[in-house]
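K.L.:
data_33.pdb is reproduced below (PDB, C-alpha atoms and all ligand atoms).
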```
ATOM      1  CA  MET L 146      24.151  89.267 -74.685  1.00  0.00           C
ATOM      2  CA  ASN L 147      24.274  92.422 -76.742  1.00  0.00           C
ATOM      3  CA  ILE L 148      22.738  95.454 -75.009  1.00  0.00           C
ATOM      4  CA  LEU L 149      22.196  98.514 -77.189  1.00  0.00           C
ATOM      5  CA  THR L 150      20.915 101.829 -75.857  1.00  0.00           C
ATOM      6  CA  PHE L 151      19.319 104.446 -78.099  1.00  0.00           C
ATOM      7  CA  PRO L 152      18.962 108.175 -77.483  1.00  0.00           C
ATOM      8  CA  SER L 153      15.573 108.373 -79.167  1.00  0.00           C
ATOM      9  CA  ASP L 154      12.513 106.214 -79.620  1.00  0.00           C
ATOM     10  CA  GLN L 155      12.775 106.645 -83.378  1.00  0.00           C
ATOM     11  CA  GLU L 156      16.326 105.287 -83.511  1.00  0.00           C
ATOM     12  CA  LEU L 157      15.373 102.345 -81.313  1.00  0.00           C
ATOM     13  CA  ASN L 158      12.346 101.528 -83.457  1.00  0.00           C
ATOM     14  CA  GLU L 159      14.388 101.747 -86.657  1.00  0.00           C
ATOM     15  CA  ALA L 160      17.063  99.484 -85.171  1.00  0.00           C
ATOM     16  CA  GLY L 161      14.462  96.921 -84.081  1.00  0.00           C
ATOM     17  CA  ALA L 162      12.721  96.972 -87.443  1.00  0.00           C
ATOM     18  CA  GLY L 163      16.118  96.722 -89.161  1.00  0.00           C
ATOM     19  CA  ILE L 164      16.874  93.489 -87.302  1.00  0.00           C
ATOM     20  CA  VAL L 165      13.539  91.961 -88.342  1.00  0.00           C
ATOM     21  CA  THR L 166      13.638  93.102 -91.965  1.00  0.00           C
ATOM     22  CA  GLY L 167      17.310  92.102 -92.290  1.00  0.00           C
ATOM     23  CA  LEU L 168      16.408  88.598 -91.146  1.00  0.00           C
ATOM     24  CA  VAL L 169      13.434  88.323 -93.511  1.00  0.00           C
ATOM     25  CA  GLN L 170      15.485  89.653 -96.424  1.00  0.00           C
ATOM     26  CA  THR L 171      18.072  86.890 -95.949  1.00  0.00           C
ATOM     27  CA  ASN L 172      15.564  84.237 -94.862  1.00  0.00           C
ATOM     28  CA  PRO L 173      12.199  84.970 -96.568  1.00  0.00           C
ATOM     29  CA  GLY L 174      10.606  81.923 -94.887  1.00  0.00           C
ATOM     30  CA  ALA L 175      11.602  83.033 -91.386  1.00  0.00           C
ATOM     31  CA  VAL L 176       9.476  82.152 -88.364  1.00  0.00           C
ATOM     32  CA  LEU L 177       8.843  85.241 -86.237  1.00  0.00           C
ATOM     33  CA  GLY L 178       7.700  85.215 -82.615  1.00  0.00           C
ATOM     34  CA  LEU L 179       5.726  88.391 -81.959  1.00  0.00           C
ATOM     35  CA  ALA L 180       4.719  90.381 -78.898  1.00  0.00           C
ATOM     36  CA  THR L 181       1.925  92.852 -78.277  1.00  0.00           C
ATOM     37  CA  GLY L 182       1.684  95.737 -75.756  1.00  0.00           C
ATOM     38  CA  SER L 183       2.902  99.328 -76.180  1.00  0.00           C
ATOM     39  CA  THR L 184       6.584  98.504 -76.601  1.00  0.00           C
ATOM     40  CA  PRO L 185       6.776  96.997 -80.118  1.00  0.00           C
ATOM     41  CA  ILE L 186       4.259  99.329 -81.805  1.00  0.00           C
ATOM     42  CA  GLY L 187       6.966 101.677 -83.097  1.00  0.00           C
ATOM     43  CA  VAL L 188       9.062  98.769 -84.364  1.00  0.00           C
ATOM     44  CA  TYR L 189       6.034  97.401 -86.214  1.00  0.00           C
ATOM     45  CA  SER L 190       5.375 100.783 -87.841  1.00  0.00           C
ATOM     46  CA  GLU L 191       8.993 100.931 -89.062  1.00  0.00           C
ATOM     47  CA  MET L 192       8.598  97.389 -90.432  1.00  0.00           C
ATOM     48  CA  ILE L 193       5.500  98.577 -92.309  1.00  0.00           C
ATOM     49  CA  LYS L 194       7.486 101.503 -93.764  1.00  0.00           C
ATOM     50  CA  SER L 195      10.202  99.156 -95.089  1.00  0.00           C
ATOM     51  CA  PHE L 196       7.527  96.891 -96.532  1.00  0.00           C
ATOM     52  CA  ARG L 197       5.879  99.842 -98.308  1.00  0.00           C
ATOM     53  CA  LYS L 198       9.243 100.848 -99.764  1.00  0.00           C
ATOM     54  CA  GLY L 199       9.459  97.355-101.279  1.00  0.00           C
ATOM     55  CA  MET L 200      12.470  96.399 -99.180  1.00  0.00           C
ATOM     56  CA  VAL L 201      10.963  93.201 -97.801  1.00  0.00           C
ATOM     57  CA  SER L 202       8.094  90.753 -98.285  1.00  0.00           C
ATOM     58  CA  TYR L 203       6.408  88.655 -95.573  1.00  0.00           C
ATOM     59  CA  ARG L 204       4.631  86.333 -98.021  1.00  0.00           C
ATOM     60  CA  ARG L 205       6.560  83.276 -96.828  1.00  0.00           C
ATOM     61  CA  VAL L 206       7.000  84.320 -93.209  1.00  0.00           C
ATOM     62  CA  SER L 207       5.149  82.506 -90.406  1.00  0.00           C
ATOM     63  CA  THR L 208       4.281  84.293 -87.206  1.00  0.00           C
ATOM     64  CA  PHE L 209       3.540  83.023 -83.713  1.00  0.00           C
ATOM     65  CA  ASN L 210       2.260  85.413 -81.091  1.00  0.00           C
ATOM     66  CA  LEU L 211       3.305  85.007 -77.507  1.00  0.00           C
ATOM     67  CA  ASP L 212      -0.090  85.218 -75.927  1.00  0.00           C
ATOM     68  CA  GLU L 213      -3.797  85.996 -76.003  1.00  0.00           C
ATOM     69  CA  TYR L 214      -6.324  86.981 -73.361  1.00  0.00           C
ATOM     70  CA  ALA L 215      -8.654  84.187 -72.284  1.00  0.00           C
ATOM     71  CA  GLY L 216     -12.308  84.882 -73.005  1.00  0.00           C
ATOM     72  CA  LEU L 217     -11.815  87.611 -75.622  1.00  0.00           C
ATOM     73  CA  PRO L 218     -13.009  86.704 -79.133  1.00  0.00           C
ATOM     74  CA  ARG L 219     -10.688  87.674 -82.015  1.00  0.00           C
ATOM     75  CA  GLU L 220     -13.005  90.544 -83.007  1.00  0.00           C
ATOM     76  CA  HIS L 221     -12.787  92.171 -79.564  1.00  0.00           C
ATOM     77  CA  PRO L 222     -10.886  95.451 -80.014  1.00  0.00           C
ATOM     78  CA  GLN L 223      -8.521  94.548 -77.150  1.00  0.00           C
ATOM     79  CA  SER L 224      -7.815  90.988 -78.261  1.00  0.00           C
ATOM     80  CA  TYR L 225      -4.208  90.486 -79.266  1.00  0.00           C
ATOM     81  CA  TYR L 226      -5.477  89.262 -82.632  1.00  0.00           C
ATOM     82  CA  SER L 227      -7.092  92.704 -83.211  1.00  0.00           C
ATOM     83  CA  TYR L 228      -3.937  94.406 -81.967  1.00  0.00           C
ATOM     84  CA  MET L 229      -1.768  92.496 -84.438  1.00  0.00           C
ATOM     85  CA  ARG L 230      -4.148  93.237 -87.336  1.00  0.00           C
ATOM     86  CA  THR L 231      -4.191  96.957 -86.470  1.00  0.00           C
ATOM     87  CA  HIS L 232      -0.491  97.436 -85.806  1.00  0.00           C
ATOM     88  CA  LEU L 233       1.076  95.055 -88.331  1.00  0.00           C
ATOM     89  CA  PHE L 234      -0.765  92.355 -90.241  1.00  0.00           C
ATOM     90  CA  ASP L 235      -3.256  94.617 -92.081  1.00  0.00           C
ATOM     91  CA  HIS L 236      -0.329  96.584 -93.525  1.00  0.00           C
ATOM     92  CA  ILE L 237       2.041  93.857 -94.734  1.00  0.00           C
ATOM     93  CA  ASP L 238       1.624  90.843 -97.026  1.00  0.00           C
ATOM     94  CA  VAL L 239       1.819  88.003 -94.509  1.00  0.00           C
ATOM     95  CA  PRO L 240      -0.894  85.459 -95.469  1.00  0.00           C
ATOM     96  CA  GLU L 241      -3.634  84.883 -92.897  1.00  0.00           C
ATOM     97  CA  SER L 242      -2.840  81.154 -92.979  1.00  0.00           C
ATOM     98  CA  ASN L 243       0.707  81.860 -91.727  1.00  0.00           C
ATOM     99  CA  ILE L 244      -0.492  83.859 -88.699  1.00  0.00           C
ATOM    100  CA  HIS L 245      -0.772  81.999 -85.396  1.00  0.00           C
ATOM    101  CA  ILE L 246      -2.224  83.379 -82.180  1.00  0.00           C
ATOM    102  CA  PRO L 247      -3.674  81.237 -79.370  1.00  0.00           C
ATOM    103  CA  ASP L 248      -7.486  81.126 -79.417  1.00  0.00           C
ATOM    104  CA  GLY L 249      -8.613  82.791 -76.208  1.00  0.00           C
ATOM    105  CA  THR L 250     -12.142  81.479 -76.625  1.00  0.00           C
ATOM    106  CA  ALA L 251     -11.259  77.786 -77.039  1.00  0.00           C
ATOM    107  CA  ALA L 252     -13.737  75.624 -75.099  1.00  0.00           C
ATOM    108  CA  ASN L 253     -10.937  73.291 -74.070  1.00  0.00           C
ATOM    109  CA  VAL L 254      -7.938  75.396 -73.082  1.00  0.00           C
ATOM    110  CA  ARG L 255      -5.632  72.423 -72.543  1.00  0.00           C
ATOM    111  CA  GLU L 256      -6.307  71.159 -76.069  1.00  0.00           C
ATOM    112  CA  GLU L 257      -5.765  74.668 -77.456  1.00  0.00           C
ATOM    113  CA  CYS L 258      -2.366  74.857 -75.733  1.00  0.00           C
ATOM    114  CA  GLU L 259      -1.404  71.428 -77.086  1.00  0.00           C
ATOM    115  CA  ARG L 260      -2.539  72.478 -80.585  1.00  0.00           C
ATOM    116  CA  TYR L 261      -0.378  75.622 -80.380  1.00  0.00           C
ATOM    117  CA  ASP L 262       2.675  73.663 -79.252  1.00  0.00           C
ATOM    118  CA  ARG L 263       2.142  71.115 -82.041  1.00  0.00           C
ATOM    119  CA  LEU L 264       1.941  73.928 -84.612  1.00  0.00           C
ATOM    120  CA  LEU L 265       5.118  75.481 -83.256  1.00  0.00           C
ATOM    121  CA  GLU L 266       6.877  72.148 -83.461  1.00  0.00           C
ATOM    122  CA  GLN L 267       5.664  71.466 -87.019  1.00  0.00           C
ATOM    123  CA  THR L 268       6.711  74.931 -88.226  1.00  0.00           C
ATOM    124  CA  GLY L 269      10.172  74.531 -86.751  1.00  0.00           C
ATOM    125  CA  GLN L 270      12.255  76.715 -84.508  1.00  0.00           C
ATOM    126  CA  ILE L 271      11.342  80.384 -84.103  1.00  0.00           C
ATOM    127  CA  ASP L 272      14.099  82.353 -85.839  1.00  0.00           C
ATOM    128  CA  LEU L 273      13.525  85.627 -84.011  1.00  0.00           C
ATOM    129  CA  GLN L 274      11.421  86.138 -80.905  1.00  0.00           C
ATOM    130  CA  ILE L 275      10.433  89.714 -80.064  1.00  0.00           C
ATOM    131  CA  LEU L 276       9.772  90.302 -76.363  1.00  0.00           C
ATOM    132  CA  GLY L 277       8.592  93.181 -74.214  1.00  0.00           C
ATOM    133  CA  LEU L 278       9.113  93.176 -70.461  1.00  0.00           C
ATOM    134  CA  GLY L 279       6.503  93.376 -67.715  1.00  0.00           C
ATOM    135  CA  HIS L 280       7.090  95.569 -64.659  1.00  0.00           C
ATOM    136  CA  ASN L 281       7.286  92.414 -62.562  1.00  0.00           C
ATOM    137  CA  GLY L 282       9.745  90.707 -64.925  1.00  0.00           C
ATOM    138  CA  HIS L 283       7.188  88.730 -66.893  1.00  0.00           C
ATOM    139  CA  ILE L 284       7.883  87.704 -70.484  1.00  0.00           C
ATOM    140  CA  GLY L 285       4.878  86.689 -72.543  1.00  0.00           C
ATOM    141  CA  PHE L 286       2.459  86.153 -69.681  1.00  0.00           C
ATOM    142  CA  ASN L 287       4.871  84.001 -67.711  1.00  0.00           C
ATOM    143  CA  GLU L 288       4.372  85.659 -64.354  1.00  0.00           C
ATOM    144  CA  PRO L 289       6.857  85.418 -61.445  1.00  0.00           C
ATOM    145  CA  ASP L 290       6.353  82.100 -59.638  1.00  0.00           C
ATOM    146  CA  HIS L 291       8.251  79.435 -57.706  1.00  0.00           C
ATOM    147  CA  ALA L 292       8.234  77.331 -60.886  1.00  0.00           C
ATOM    148  CA  LEU L 293       7.617  78.064 -64.564  1.00  0.00           C
ATOM    149  CA  ILE L 294       5.991  75.973 -67.282  1.00  0.00           C
ATOM    150  CA  ARG L 295       7.892  74.998 -70.420  1.00  0.00           C
ATOM    151  CA  GLY L 296       5.132  74.908 -73.063  1.00  0.00           C
ATOM    152  CA  THR L 297       1.972  76.863 -73.895  1.00  0.00           C
ATOM    153  CA  HIS L 298      -0.377  77.063 -70.931  1.00  0.00           C
ATOM    154  CA  ALA L 299      -3.182  79.032 -69.295  1.00  0.00           C
ATOM    155  CA  VAL L 300      -2.194  81.568 -66.659  1.00  0.00           C
ATOM    156  CA  ARG L 301      -3.924  83.667 -64.095  1.00  0.00           C
ATOM    157  CA  LEU L 302      -2.753  87.266 -64.655  1.00  0.00           C
ATOM    158  CA  SER L 303      -1.187  88.972 -61.675  1.00  0.00           C
ATOM    159  CA  GLU L 304      -2.916  92.081 -60.321  1.00  0.00           C
ATOM    160  CA  THR L 305       0.055  94.261 -61.343  1.00  0.00           C
ATOM    161  CA  THR L 306      -0.250  92.995 -64.911  1.00  0.00           C
ATOM    162  CA  ARG L 307      -4.021  93.565 -64.989  1.00  0.00           C
ATOM    163  CA  GLN L 308      -3.538  97.078 -63.626  1.00  0.00           C
ATOM    164  CA  ALA L 309      -0.780  97.825 -66.140  1.00  0.00           C
ATOM    165  CA  ASN L 310      -3.062  96.694 -68.986  1.00  0.00           C
ATOM    166  CA  ALA L 311      -6.196  98.432 -67.665  1.00  0.00           C
ATOM    167  CA  ARG L 312      -5.206 101.499 -69.721  1.00  0.00           C
ATOM    168  CA  PHE L 313      -6.429  99.671 -72.834  1.00  0.00           C
ATOM    169  CA  PHE L 314      -9.878  98.889 -71.350  1.00  0.00           C
ATOM    170  CA  ASN L 315     -12.732 101.050 -69.998  1.00  0.00           C
ATOM    171  CA  SER L 316     -12.083  99.804 -66.463  1.00  0.00           C
ATOM    172  CA  ILE L 317      -9.975  97.271 -64.564  1.00  0.00           C
ATOM    173  CA  ASP L 318     -13.047  95.009 -64.285  1.00  0.00           C
ATOM    174  CA  GLU L 319     -12.987  94.517 -68.058  1.00  0.00           C
ATOM    175  CA  VAL L 320      -9.372  93.277 -68.061  1.00  0.00           C
ATOM    176  CA  PRO L 321      -9.424  89.491 -68.440  1.00  0.00           C
ATOM    177  CA  THR L 322      -8.219  87.551 -65.423  1.00  0.00           C
ATOM    178  CA  HIS L 323      -6.575  84.786 -67.462  1.00  0.00           C
ATOM    179  CA  ALA L 324      -4.532  84.391 -70.616  1.00  0.00           C
ATOM    180  CA  ILE L 325      -2.917  81.717 -72.760  1.00  0.00           C
ATOM    181  CA  THR L 326       0.832  82.153 -73.128  1.00  0.00           C
ATOM    182  CA  MET L 327       3.793  80.446 -74.718  1.00  0.00           C
ATOM    183  CA  GLY L 328       5.967  78.987 -72.014  1.00  0.00           C
ATOM    184  CA  VAL L 329       9.519  80.049 -71.217  1.00  0.00           C
ATOM    185  CA  GLY L 330      10.826  76.775 -72.671  1.00  0.00           C
ATOM    186  CA  THR L 331       9.436  77.723 -76.083  1.00  0.00           C
ATOM    187  CA  ILE L 332      10.662  81.310 -75.784  1.00  0.00           C
ATOM    188  CA  LEU L 333      14.178  80.163 -74.905  1.00  0.00           C
ATOM    189  CA  LYS L 334      14.243  77.770 -77.884  1.00  0.00           C
ATOM    190  CA  ALA L 335      14.127  80.720 -80.339  1.00  0.00           C
ATOM    191  CA  LYS L 336      17.363  81.117 -82.309  1.00  0.00           C
ATOM    192  CA  THR L 337      17.583  84.826 -81.474  1.00  0.00           C
ATOM    193  CA  ILE L 338      15.679  86.820 -78.869  1.00  0.00           C
ATOM    194  CA  LEU L 339      15.092  90.545 -79.299  1.00  0.00           C
ATOM    195  CA  LEU L 340      14.101  92.073 -75.956  1.00  0.00           C
ATOM    196  CA  ILE L 341      12.834  95.652 -76.245  1.00  0.00           C
ATOM    197  CA  VAL L 342      12.408  97.802 -73.147  1.00  0.00           C
ATOM    198  CA  LYS L 343      11.394 101.440 -72.991  1.00  0.00           C
ATOM    199  CA  GLY L 344      10.800 103.954 -70.202  1.00  0.00           C
ATOM    200  CA  SER L 345      12.225 104.846 -66.795  1.00  0.00           C
ATOM    201  CA  ASP L 346       9.553 102.769 -65.055  1.00  0.00           C
ATOM    202  CA  LYS L 347      11.293  99.663 -66.421  1.00  0.00           C
ATOM    203  CA  ALA L 348      14.901 100.724 -65.718  1.00  0.00           C
ATOM    204  CA  GLY L 349      15.043  98.754 -62.451  1.00  0.00           C
ATOM    205  CA  ILE L 350      13.413  95.564 -63.693  1.00  0.00           C
ATOM    206  CA  VAL L 351      15.455  95.358 -66.892  1.00  0.00           C
ATOM    207  CA  HIS L 352      18.668  95.811 -64.903  1.00  0.00           C
ATOM    208  CA  THR L 353      17.658  93.174 -62.339  1.00  0.00           C
ATOM    209  CA  SER L 354      16.536  90.807 -65.104  1.00  0.00           C
ATOM    210  CA  LEU L 355      19.804  91.009 -67.013  1.00  0.00           C
ATOM    211  CA  THR L 356      22.322  91.315 -64.181  1.00  0.00           C
ATOM    212  CA  GLY L 357      20.612  89.853 -61.115  1.00  0.00           C
ATOM    213  CA  PRO L 358      20.162  86.236 -60.022  1.00  0.00           C
ATOM    214  CA  ILE L 359      18.529  83.834 -62.489  1.00  0.00           C
ATOM    215  CA  THR L 360      15.254  82.926 -60.848  1.00  0.00           C
ATOM    216  CA  THR L 361      11.719  81.977 -61.836  1.00  0.00           C
ATOM    217  CA  GLU L 362      10.620  84.808 -59.517  1.00  0.00           C
ATOM    218  CA  CYS L 363      11.853  87.072 -62.325  1.00  0.00           C
ATOM    219  CA  PRO L 364      11.048  85.153 -65.532  1.00  0.00           C
ATOM    220  CA  ALA L 365      13.046  87.560 -67.735  1.00  0.00           C
ATOM    221  CA  SER L 366      16.203  86.667 -65.783  1.00  0.00           C
ATOM    222  CA  LEU L 367      16.158  83.308 -67.607  1.00  0.00           C
ATOM    223  CA  LEU L 368      17.027  85.251 -70.764  1.00  0.00           C
ATOM    224  CA  GLN L 369      20.569  85.561 -69.355  1.00  0.00           C
ATOM    225  CA  THR L 370      21.040  81.905 -70.318  1.00  0.00           C
ATOM    226  CA  HIS L 371      20.206  82.495 -73.977  1.00  0.00           C
ATOM    227  CA  PRO L 372      23.196  82.417 -76.370  1.00  0.00           C
ATOM    228  CA  HIS L 373      21.778  85.006 -78.795  1.00  0.00           C
ATOM    229  CA  LEU L 374      20.031  87.742 -76.845  1.00  0.00           C
ATOM    230  CA  VAL L 375      19.837  91.273 -78.254  1.00  0.00           C
ATOM    231  CA  VAL L 376      18.450  93.962 -75.941  1.00  0.00           C
ATOM    232  CA  LEU L 377      17.252  97.320 -77.243  1.00  0.00           C
ATOM    233  CA  LEU L 378      16.794  99.995 -74.584  1.00  0.00           C
ATOM    234  CA  ASP L 379      15.939 103.644 -74.667  1.00  0.00           C
ATOM    235  CA  THR L 380      18.081 105.916 -72.508  1.00  0.00           C
ATOM    236  CA  GLU L 381      15.482 105.911 -69.709  1.00  0.00           C
ATOM    237  CA  ALA L 382      15.210 102.122 -69.480  1.00  0.00           C
ATOM    238  CA  GLY L 383      18.994 101.796 -69.812  1.00  0.00           C
ATOM    239  CA  ARG L 384      19.971 104.253 -67.104  1.00  0.00           C
ATOM    240  CA  PHE L 385      21.382 101.607 -64.712  1.00  0.00           C
ATOM    241  CA  PHE L 386      23.670 100.141 -67.370  1.00  0.00           C
ATOM    242  CA  GLY L 387      27.142 101.689 -67.522  1.00  0.00           C
TER     243      GLY L 387
HETATM  244  C1  LIG L 401       2.670  91.007 -74.809  1.00  0.00           C
HETATM  245  C2  LIG L 401       3.428  90.372 -73.740  1.00  0.00           C
HETATM  246  C3  LIG L 401       3.811  91.102 -72.498  1.00  0.00           C
HETATM  247  C4  LIG L 401       4.302  92.528 -72.747  1.00  0.00           C
HETATM  248  C5  LIG L 401       4.646  93.212 -71.424  1.00  0.00           C
HETATM  249  C6  LIG L 401       5.043  94.670 -71.618  1.00  0.00           C
HETATM  250  O1  LIG L 401       2.439  90.094 -75.855  1.00  0.00           O
HETATM  251  O2  LIG L 401       3.687  89.238 -73.859  1.00  0.00           O
HETATM  252  O3  LIG L 401       4.834  90.366 -71.867  1.00  0.00           O
HETATM  253  O4  LIG L 401       5.411  92.514 -73.586  1.00  0.00           O
HETATM  254  O5  LIG L 401       3.544  93.155 -70.565  1.00  0.00           O
HETATM  255  O6  LIG L 401       3.928  95.378 -72.072  1.00  0.00           O
HETATM  256  P1  LIG L 401       4.060  96.886 -72.604  1.00  0.00           P
HETATM  257  O7  LIG L 401       4.866  96.816 -73.839  1.00  0.00           O
HETATM  258  O8  LIG L 401       2.630  97.299 -72.878  1.00  0.00           O
HETATM  259  O9  LIG L 401       4.693  97.673 -71.516  1.00  0.00           O
END
```
Could you express the structure from this file as structure tokens?
Ligand code: F6R
P.N.:
Amino acid sequence: MNILTFPSDQELNEAGAGIVTGLVQTNPGAVLGLATGSTPIGVYSEMIKSFRKGMVSYRRVSTFNLDEYAGLPREHPQSYYSYMRTHLFDHIDVPESNIHIPDGTAANVREECERYDRLLEQTGQIDLQILGLGHNGHIGFNEPDHALIRGTHAVRLSETTRQANARFFNSIDEVPTHAITMGVGTILKAKTILLIVKGSDKAGIVHTSLTGPITTECPASLLQTHPHLVVLLDTEAGRFFG
């Protein structure tokens, strides 16, 4: 595990984007696992800057997003599809056909999860999986539980997660109650995992996740078992690390 702490948001974002663009420069057909939420926005904007400078092309890259809200159509402004278009895909040259995000409106959720897992399998191993961290230790939408599911599945969002995400909606009542998420088995199969954590409110959970017991009650703690884990922290999130 390689934990790097950055004095400024800008430096962290540049470092994160540098890891992604470096990979795509050496492996133009890379498979990227992508996250949404506030955390990776700055990294995505630095990736866009490098793209605009002509340093990298995403024409042959495939992307798989971690999760999508259940019940939100793609066009909904808070769907993760809309988020990805706004913060990354509309500004780089990744072809629409290479973009994969679970369909939150699928009539048969089980079939949608199986379809997503099949696609992941056909495309091959994820080369680099970007992750944010939930306040309760969730990764993707794998919430703390007595057991975790390996593949893509539907989840009921915990109240803490719904409250944390309510800032993007008009009210908590509008926050979906369920989501479709990649499972921890798929996340852990990625060749490299890039965990990005920002802010003092996550200092405790990132420390527990990376140094505490490995338990499904803190899904991010399973990342300790991954052979190629890179963690980018800002000074606030990293304050419990020596
Ligand atoms: C998003 C995701 C979530 C977020 C986490 C942190 O695709 O899978 O696990 O990474 O909830 O969210 P932010 O970055 O908004 O604090």
K.L.:
Could you build a table of the residues in range 257-374 of chain L lying no more than 12 Å from range 218-228 of chain L, giving for each the nearest pair of atoms and their separation in Å rounded to one decimal place, using only C-alpha atoms, ordered by chain and ascending residue number, as a Markdown table?
P.N.:
```
| residue | atom | partner | partner_atom | distance |
| --- | --- | --- | --- | --- |
| L:Gly285 | CA | L:Tyr225 | CA | 11.9 |
| L:Asn310 | CA | L:Gln223 | CA | 10.1 |
| L:Ala311 | CA | L:Gln223 | CA | 10.5 |
| L:Arg312 | CA | L:Gln223 | CA | 10.7 |
| L:Phe313 | CA | L:Gln223 | CA | 7.0 |
| L:Phe314 | CA | L:Gln223 | CA | 7.4 |
| L:Asn315 | CA | L:Gln223 | CA | 10.5 |
| L:Glu319 | CA | L:Gln223 | CA | 10.1 |
| L:Val320 | CA | L:Gln223 | CA | 9.2 |
| L:Pro321 | CA | L:Ser224 | CA | 10.1 |
| L:Ala324 | CA | L:Tyr225 | CA | 10.6 |
| L:Ile325 | CA | L:Tyr225 | CA | 11.0 |
| L:Thr326 | CA | L:Tyr225 | CA | 11.5 |
```
K.L.:
Just the selected residues (C-alpha atoms), exported as a PDB file, in the coordinates of the input, please.
P.N.:
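Result written to part_33.pdb:
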```
ATOM      1  CA  GLY L 285       4.878  86.689 -72.543  1.00  0.00           C
ATOM      2  CA  ASN L 310      -3.062  96.694 -68.986  1.00  0.00           C
ATOM      3  CA  ALA L 311      -6.196  98.432 -67.665  1.00  0.00           C
ATOM      4  CA  ARG L 312      -5.206 101.499 -69.721  1.00  0.00           C
ATOM      5  CA  PHE L 313      -6.429  99.671 -72.834  1.00  0.00           C
ATOM      6  CA  PHE L 314      -9.878  98.889 -71.350  1.00  0.00           C
ATOM      7  CA  ASN L 315     -12.732 101.050 -69.998  1.00  0.00           C
ATOM      8  CA  GLU L 319     -12.987  94.517 -68.058  1.00  0.00           C
ATOM      9  CA  VAL L 320      -9.372  93.277 -68.061  1.00  0.00           C
ATOM     10  CA  PRO L 321      -9.424  89.491 -68.440  1.00  0.00           C
ATOM     11  CA  ALA L 324      -4.532  84.391 -70.616  1.00  0.00           C
ATOM     12  CA  ILE L 325      -2.917  81.717 -72.760  1.00  0.00           C
ATOM     13  CA  THR L 326       0.832  82.153 -73.128  1.00  0.00           C
TER      14      THR L 326
END
```
K.L.:
Written as a VMD selection string, what is the full residue list that the PyMOL selection byres (((chain L and resi 375-380) around 7) and not hetatm) yields on the file shown?
P.N.:
chain L and resid 146 to 154 157 338 to 344 373 to 374 381 to 384
K.L.:
Only C-alpha atoms, please: the residues just picked out, written as a compact mmCIF listing (two decimals), keeping the file's coordinate frame.
P.N.:
```txt
# COMPACT_ATOMS: atom_id res chain seq x y z
CA MET L 146 24.15 89.27 -74.68
CA ASN L 147 24.27 92.42 -76.74
CA ILE L 148 22.74 95.45 -75.01
CA LEU L 149 22.20 98.51 -77.19
CA THR L 150 20.92 101.83 -75.86
CA PHE L 151 19.32 104.45 -78.10
CA PRO L 152 18.96 108.18 -77.48
CA SER L 153 15.57 108.37 -79.17
CA ASP L 154 12.51 106.21 -79.62
CA LEU L 157 15.37 102.34 -81.31
CA ILE L 338 15.68 86.82 -78.87
CA LEU L 339 15.09 90.54 -79.30
CA LEU L 340 14.10 92.07 -75.96
CA ILE L 341 12.83 95.65 -76.24
CA VAL L 342 12.41 97.80 -73.15
CA LYS L 343 11.39 101.44 -72.99
CA GLY L 344 10.80 103.95 -70.20
CA HIS L 373 21.78 85.01 -78.80
CA LEU L 374 20.03 87.74 -76.84
CA GLU L 381 15.48 105.91 -69.71
CA ALA L 382 15.21 102.12 -69.48
CA GLY L 383 18.99 101.80 -69.81
CA ARG L 384 19.97 104.25 -67.10
```
K.L.:
Set the distance at 8 Å and use only C-alpha atoms: which residues neighbour Gln170 in chain L once local chain neighbours fewer than 2 positions away are removed? I'd like the list as a list in words.
P.N.:
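Contacts, with the query itself left out: Thr166, Gly167, Leu168, Asn172, Pro173, Met200, Val201 and Ser202 of chain L.
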K.L.:
Can you tell me which residues surround range 231-242 of chain L at a distance of at most 10 Å, considering all atoms listed in the file, apart from same-chain residues fewer than 6 positions away, and format the answer as a list in words?
P.N.:
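What passes the distance filter is Thr181, Pro185, Ile186, Gly187, Val188, Tyr189, Ser190, Glu191, Met192, Ile193, Lys194, Ser195, Phe196, Arg197, Val201, Ser202, Tyr203, Arg204, Arg205, Val206, Ser207, Thr208, Pro222 and Tyr225 of chain L.
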K.L.:
How would you write, as a list of chain:residue names, the set of residues no farther than 6 Å from ligand LIG 401 (chain L) when counting only C-alpha atoms and all ligand atoms?
P.N.:
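Written in the requested form, the residues are L:Ala180, L:Thr181, L:Gly182, L:Ser183, L:Thr184, L:Leu211, L:Asp212, L:Leu276, L:Gly277, L:Leu278, L:Gly279, L:His283, L:Ile284, L:Gly285, L:Phe286.
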K.L.:
Please report the interatomic distance between CA of Asp262 in chain L and CA of Ile244 in chain L in Å with one decimal.
P.N.:
14.3 Å
K.L.:
Could you check the closest approach to Arg260 in chain L for each of L:Thr297, L:Ser366, L:Gln274, L:Ser354 and tell me which residue wins, using only C-alpha atoms?
P.N.:
L:Thr297
K.L.:
Hey, which bits of range 294-376 of chain L sit within 12 Å of range 265-272 of chain L, and for each residue what's the closest pair of atoms and how far apart in Å (one decimal), counting all atoms listed in the file, rows by chain and increasing number, as a Markdown table?
P.N.:
```
| residue | atom | partner | partner_atom | distance |
| --- | --- | --- | --- | --- |
| L:Gly296 | CA | L:Leu265 | CA | 10.2 |
| L:Thr297 | CA | L:Leu265 | CA | 10.0 |
| L:Met327 | CA | L:Leu265 | CA | 10.0 |
| L:Gly328 | CA | L:Leu265 | CA | 11.8 |
| L:Gly330 | CA | L:Gln270 | CA | 11.9 |
| L:Thr331 | CA | L:Ile271 | CA | 8.7 |
| L:Ile332 | CA | L:Ile271 | CA | 8.4 |
| L:Leu333 | CA | L:Ile271 | CA | 9.6 |
| L:Lys334 | CA | L:Gln270 | CA | 7.0 |
| L:Ala335 | CA | L:Ile271 | CA | 4.7 |
| L:Lys336 | CA | L:Asp272 | CA | 5.0 |
| L:Thr337 | CA | L:Asp272 | CA | 6.1 |
| L:Ile338 | CA | L:Asp272 | CA | 8.4 |
| L:Leu339 | CA | L:Asp272 | CA | 10.5 |
| L:His373 | CA | L:Asp272 | CA | 10.8 |
```
